[in-house]
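What follows is the content of data_32.tsv (TSV, C-alpha atoms and all ligand atoms).
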chain	number	residue	atom	x	y	z
A	1	MET	CA	0.00	0.00	0.00
A	2	PRO	CA	1.36	3.45	-0.88
A	3	THR	CA	1.82	5.81	2.04
A	4	GLN	CA	-0.28	8.96	2.40
A	5	ILE	CA	2.67	11.07	1.21
A	6	GLN	CA	3.18	8.87	-1.86
A	7	SER	CA	-0.53	9.13	-2.76
A	8	THR	CA	-0.45	12.91	-2.42
A	9	GLN	CA	2.71	13.18	-4.53
A	10	GLN	CA	1.14	10.94	-7.16
A	11	ALA	CA	-2.03	13.07	-7.29
A	12	THR	CA	0.05	16.26	-7.59
A	13	LEU	CA	2.12	14.75	-10.40
A	14	GLU	CA	-1.05	13.71	-12.23
A	15	GLN	CA	-2.35	17.31	-11.97
A	16	HIS	CA	0.88	18.70	-13.41
A	17	LEU	CA	0.80	16.18	-16.27
A	18	ASN	CA	-2.83	17.03	-16.99
A	19	LEU	CA	-1.91	20.71	-17.19
A	20	GLN	CA	0.59	19.69	-19.88
A	21	VAL	CA	-2.08	17.61	-21.65
A	22	ALA	CA	-4.50	20.57	-21.64
A	23	ASN	CA	-1.90	23.08	-22.82
A	24	TRP	CA	-0.60	20.84	-25.62
A	25	THR	CA	-4.18	20.13	-26.76
A	26	LEU	CA	-4.85	23.87	-26.88
A	27	LEU	CA	-1.53	24.60	-28.59
A	28	TYR	CA	-2.21	21.93	-31.21
A	29	THR	CA	-5.18	24.01	-32.34
A	30	LYS	CA	-3.50	27.37	-31.75
A	31	LEU	CA	-0.47	26.45	-33.89
A	32	HIS	CA	-2.88	25.38	-36.67
A	33	HIS	CA	-4.62	28.76	-36.32
A	34	ILE	CA	-1.30	30.52	-36.90
A	35	HIS	CA	-0.37	28.15	-39.77
A	36	TRP	CA	-3.67	28.98	-41.50
A	37	TYR	CA	-4.10	32.69	-40.76
A	38	LEU	CA	-0.61	34.14	-41.04
A	39	SER	CA	0.20	36.16	-44.16
A	40	GLY	CA	2.94	38.32	-45.64
A	41	PRO	CA	6.27	37.91	-47.40
A	42	HIS	CA	7.46	35.16	-45.05
A	43	PHE	CA	4.30	33.10	-45.45
A	44	PHE	CA	5.94	30.03	-46.96
A	45	THR	CA	8.72	29.84	-44.34
A	46	LEU	CA	6.41	30.36	-41.36
A	47	HIS	CA	3.59	28.20	-42.77
A	48	VAL	CA	6.02	25.26	-42.90
A	49	LYS	CA	7.57	26.07	-39.49
A	50	PHE	CA	4.16	26.16	-37.76
A	51	GLU	CA	3.20	22.85	-39.38
A	52	GLU	CA	6.38	21.37	-37.87
A	53	LEU	CA	5.41	22.85	-34.48
A	54	PHE	CA	1.81	21.56	-34.43
A	55	THR	CA	3.01	18.12	-35.52
A	56	GLU	CA	5.42	18.10	-32.57
A	57	ALA	CA	2.66	19.35	-30.25
A	58	GLY	CA	0.53	16.35	-31.23
A	59	THR	CA	3.39	14.00	-30.42
A	60	TYR	CA	4.01	15.56	-26.97
A	61	LEU	CA	0.31	15.50	-26.17
A	62	ASP	CA	0.12	11.77	-26.89
A	63	GLU	CA	3.37	10.94	-25.08
A	64	ILE	CA	2.41	12.82	-21.91
A	65	ALA	CA	-1.17	11.44	-21.90
A	66	GLU	CA	0.10	7.88	-22.32
A	67	ARG	CA	2.69	8.35	-19.58
A	68	LEU	CA	-0.14	9.57	-17.35
A	69	LEU	CA	-2.13	6.40	-18.16
A	70	SER	CA	0.97	4.28	-17.49
A	71	ILE	CA	1.22	5.62	-13.95
A	72	GLY	CA	-2.50	5.10	-13.28
A	73	GLY	CA	-3.75	8.61	-14.11
A	74	ARG	CA	-6.62	9.80	-16.29
A	75	PRO	CA	-5.63	12.28	-19.02
A	76	ILE	CA	-8.00	15.08	-19.95
A	77	ALA	CA	-9.64	14.09	-23.23
A	78	THR	CA	-12.45	16.60	-23.80
A	79	LEU	CA	-12.26	20.13	-25.19
A	80	LYS	CA	-14.41	21.42	-22.31
A	81	GLU	CA	-11.92	20.19	-19.70
A	82	THR	CA	-9.04	21.36	-21.88
A	83	LEU	CA	-10.38	24.92	-21.90
A	84	SER	CA	-11.09	24.97	-18.16
A	85	THR	CA	-7.61	23.63	-17.33
A	86	ALA	CA	-5.24	25.19	-19.90
A	87	THR	CA	-3.15	28.21	-18.91
A	88	ILE	CA	-2.19	29.10	-22.51
A	89	GLN	CA	-4.56	31.63	-24.11
A	90	GLU	CA	-6.33	30.68	-27.35
A	91	ALA	CA	-5.49	32.52	-30.58
A	92	LYS	CA	-7.97	35.11	-31.81
A	93	GLY	CA	-8.24	36.65	-35.30
A	94	THR	CA	-5.10	37.67	-37.13
A	95	GLN	CA	-2.02	39.73	-36.38
A	96	GLU	CA	1.37	40.53	-37.90
A	97	PRO	CA	3.53	37.42	-38.48
A	98	ASN	CA	6.20	38.63	-36.04
A	99	ALA	CA	3.53	39.07	-33.35
A	100	TRP	CA	2.52	35.42	-33.86
A	101	VAL	CA	6.14	34.38	-33.51
A	102	ALA	CA	6.59	36.49	-30.36
A	103	GLU	CA	3.39	35.04	-28.87
A	104	THR	CA	4.61	31.51	-29.61
A	105	ILE	CA	7.90	32.29	-27.84
A	106	ARG	CA	5.92	33.46	-24.78
A	107	ASP	CA	3.72	30.35	-24.86
A	108	PHE	CA	6.74	28.06	-25.12
A	109	ALA	CA	8.51	29.93	-22.30
A	110	GLN	CA	5.44	29.44	-20.09
A	111	LEU	CA	5.43	25.73	-20.94
A	112	VAL	CA	9.12	25.50	-20.04
A	113	THR	CA	8.34	27.01	-16.62
A	114	GLU	CA	5.48	24.55	-16.11
A	115	LEU	CA	7.60	21.62	-17.33
A	116	LYS	CA	10.28	22.50	-14.77
A	117	GLU	CA	7.65	22.57	-12.01
A	118	ALA	CA	6.25	19.20	-13.19
A	119	ARG	CA	9.77	17.75	-13.30
A	120	GLN	CA	10.37	18.82	-9.70
A	121	VAL	CA	7.18	17.03	-8.66
A	122	ALA	CA	8.20	13.92	-10.64
A	123	GLU	CA	11.57	13.96	-8.88
A	124	GLU	CA	9.88	14.14	-5.47
A	125	ALA	CA	7.65	11.21	-6.51
A	126	GLN	CA	10.82	9.33	-7.57
A	127	ASP	CA	9.43	8.95	-11.09
A	128	GLY	CA	12.56	9.16	-13.23
A	129	VAL	CA	10.83	8.08	-16.43
A	130	THR	CA	8.39	11.00	-16.28
A	131	GLU	CA	11.27	13.34	-15.40
A	132	ASP	CA	13.15	12.16	-18.52
A	133	LEU	CA	10.13	12.66	-20.76
A	134	LEU	CA	9.54	16.19	-19.44
A	135	LEU	CA	13.22	17.07	-19.76
A	136	SER	CA	13.36	15.91	-23.38
A	137	ILE	CA	10.33	18.08	-24.25
A	138	GLN	CA	11.87	21.03	-22.43
A	139	SER	CA	15.10	20.73	-24.41
A	140	LYS	CA	13.13	20.84	-27.69
A	141	LEU	CA	11.25	23.93	-26.52
A	142	ASP	CA	14.46	25.69	-25.45
A	143	LYS	CA	15.78	25.15	-28.97
A	144	HIS	CA	12.56	26.40	-30.61
A	145	ILE	CA	12.62	29.51	-28.41
A	146	TRP	CA	16.20	30.25	-29.45
A	147	MET	CA	15.38	29.72	-33.16
A	148	LEU	CA	12.21	31.82	-33.07
A	149	GLN	CA	14.09	34.60	-31.26
A	150	SER	CA	16.81	34.41	-33.93
A	151	TYR	CA	14.10	34.69	-36.60
A	152	LEU	CA	12.93	37.91	-34.92
A	153	GLY	CA	16.54	39.14	-34.77
A	154	HIS	CA	16.69	39.11	-30.96
B	201	FE	FE	-1.38	22.67	-43.62

Show me, as structure tokens, the structure contained in the file I just sent.
Amino acid sequence: MPTQIQSTQQATLEQHLNLQVANWTLLYTKLHHIHWYLSGPHFFTLHVKFEELFTEAGTYLDEIAERLLSIGGRPIATLKETLSTATIQEAKGTQEPNAWVAETIRDFAQLVTELKEARQVAEEAQDGVTEDLLLSIQSKLDKHIWMLQSYLGH
């Protein structure tokens, strides 16, 4: 039987993983929104880049949800719960391409912060496999942030 502390740590870890599930579900749609609605002289470059990003988002969503199932959790799987749980804001309308890129950098930076928090909880729960998964996603996001900042000339 798990101790009270172990059960509490497990529940907290599941909450953190479900926040990731909700945010990646939302981002999967948001990155499509940008892919479809951006315009301007860099359309072709950014259209392809955002397709790469939403494809990755779909992979992370599935990996985190299946890890959650593997440790006995229940991943969020409805849009209603996604919207009530996600901390990333949905996209609205259109804006300049560079504003989309800057917003994506902010969203990814927020996810990095939340991934670090989730990793800390996984460490406390002695769940090295989840820690590894979260770290690998964080390293991809760090690289995207650097590349998108370079695109903006920052
Ligand atoms: Fe497309």

Could you work out how far atom CA of Ala125 of chain A lies from atom CA of Ile64 of chain A, giving the answer in Å with one decimal?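 For atom CA of Ile64 of chain A relative to atom CA of Ala125 of chain A, the distance reads 16.3 Å.
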
Determine, for each residue of chain A having at least one atom at most 8 Å from an atom of ligand FE 201 (chain B), the closest pair of atoms and their separation in Å to one decimal, counting all atoms listed in the file; order by chain and ascending number, as JSON lines.
{"residue": "A:His32", "atom": "CA", "partner": "B:FE201", "partner_atom": "FE", "distance": 7.6}
{"residue": "A:His35", "atom": "CA", "partner": "B:FE201", "partner_atom": "FE", "distance": 6.8}
{"residue": "A:Trp36", "atom": "CA", "partner": "B:FE201", "partner_atom": "FE", "distance": 7.0}
{"residue": "A:His47", "atom": "CA", "partner": "B:FE201", "partner_atom": "FE", "distance": 7.5}
{"residue": "A:Val48", "atom": "CA", "partner": "B:FE201", "partner_atom": "FE", "distance": 7.9}
{"residue": "A:Glu51", "atom": "CA", "partner": "B:FE201", "partner_atom": "FE", "distance": 6.2}

For the selection just defined, write its residues with C-alpha atoms to a file, as an mmCIF file, in the frame of the given file.
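So selection11.cif came out as:
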data_model
loop_
_atom_site.group_PDB
_atom_site.id
_atom_site.type_symbol
_atom_site.label_atom_id
_atom_site.label_comp_id
_atom_site.auth_asym_id
_atom_site.auth_seq_id
_atom_site.Cartn_x
_atom_site.Cartn_y
_atom_site.Cartn_z
ATOM 1 C CA HIS A 32 -2.880 25.380 -36.670
ATOM 2 C CA HIS A 35 -0.370 28.150 -39.770
ATOM 3 C CA TRP A 36 -3.670 28.980 -41.500
ATOM 4 C CA HIS A 47 3.590 28.200 -42.770
ATOM 5 C CA VAL A 48 6.020 25.260 -42.900
ATOM 6 C CA GLU A 51 3.200 22.850 -39.380
#

Per residue of segment 37-56 of chain A within 12 Å of segment 101-123 of chain A, which atom pair is closest and at what distance in Å (one decimal), using all atoms listed in the file, listed by chain and increasing number, as a Markdown table?
| residue | atom | partner | partner_atom | distance |
| --- | --- | --- | --- | --- |
| A:Leu38 | CA | A:Val101 | CA | 10.1 |
| A:His42 | CA | A:Val101 | CA | 11.6 |
| A:Leu46 | CA | A:Val101 | CA | 8.8 |
| A:His47 | CA | A:Val101 | CA | 11.4 |
| A:Lys49 | CA | A:Val101 | CA | 10.3 |
| A:Phe50 | CA | A:Val101 | CA | 9.5 |
| A:Leu53 | CA | A:Thr104 | CA | 10.0 |
| A:Phe54 | CA | A:Thr104 | CA | 11.4 |

Thr94 of chain A: which residues within 9 Å, counting all atoms listed in the file, same-chain residues fewer than 3 positions away excluded, as a ChimeraX atom specification? /A:33-34,37-39,91,97,100

Write the residues of the selection above to a file with C-alpha atoms, as a CSV table (one decimal), keeping the file's coordinate frame.
chain,number,residue,atom,x,y,z
A,33,HIS,CA,-4.6,28.8,-36.3
A,34,ILE,CA,-1.3,30.5,-36.9
A,37,TYR,CA,-4.1,32.7,-40.8
A,38,LEU,CA,-0.6,34.1,-41.0
A,39,SER,CA,0.2,36.2,-44.2
A,91,ALA,CA,-5.5,32.5,-30.6
A,97,PRO,CA,3.5,37.4,-38.5
A,100,TRP,CA,2.5,35.4,-33.9

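When all atoms listed in the file are used to compute distances to Glu56 of chain A, the closest of the residues A:Phe43, A:Trp146, A:Leu141, A:Ile88 turns out to be A:Leu141.
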
Rounded to one decimal, what separation in Å do you get between atom CA of Thr55 of chain A and atom CA of Asn98 of chain A?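 Separation of atom CA of Thr55 of chain A and atom CA of Asn98 of chain A: 20.8 Å.
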
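Using all atoms listed in the file, the smallest distance between any of A:Leu133, A:Ala57, A:Leu13, A:Ile145 and Pro75 of chain A comes from A:Leu13.
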
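Atom CA of Leu69 of chain A is positioned 20.6 Å from atom CA of Thr3 of chain A.
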
Calculated over all atoms listed in the file, which of the candidates A:Thr78, A:Gln126, A:Thr29, A:Ser70 has the smallest distance to Lys92 of chain A?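 Among A:Thr78, A:Gln126, A:Thr29, A:Ser70, it is A:Thr29 that comes nearest to Lys92 of chain A.
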
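Between Thr87 of chain A and the residues A:Asn18, A:Gln6, A:Thr59, A:Thr12, the shortest atom-to-atom distance, using only C-alpha atoms, involves A:Asn18.
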
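Comparing the minimum interatomic distances between Tyr28 of chain A and each of A:Ser139, A:Gln95, A:Thr45, A:Thr82, counting all atoms listed in the file, we find that A:Thr82 sits nearest.
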
With all atoms listed in the file as the basis for distance, which of A:Ile137, A:Leu79, A:Ile5, A:Ala99 is at the shortest distance from Leu26 of chain A?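 Nearest to Leu26 of chain A: A:Leu79.
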
Axis-aligned box for all listed atoms of segment 57-62 of chain A, 6 Å per side, centre and edges in Å to one decimal, as AutoDock Vina command-line options:
--center_x 2.1 --center_y 15.6 --center_z -28.7 --size_x 15.9 --size_y 19.6 --size_z 17.1

What lies within 9 Å of Arg67 of chain A using all atoms listed in the file, ignoring chain neighbours under 3 positions off, as a list in words? Leu17, Asp62, Glu63, Ile64, Ser70, Ile71, Gly72, Gly73, Val129, Thr130 and Leu133 of chain A
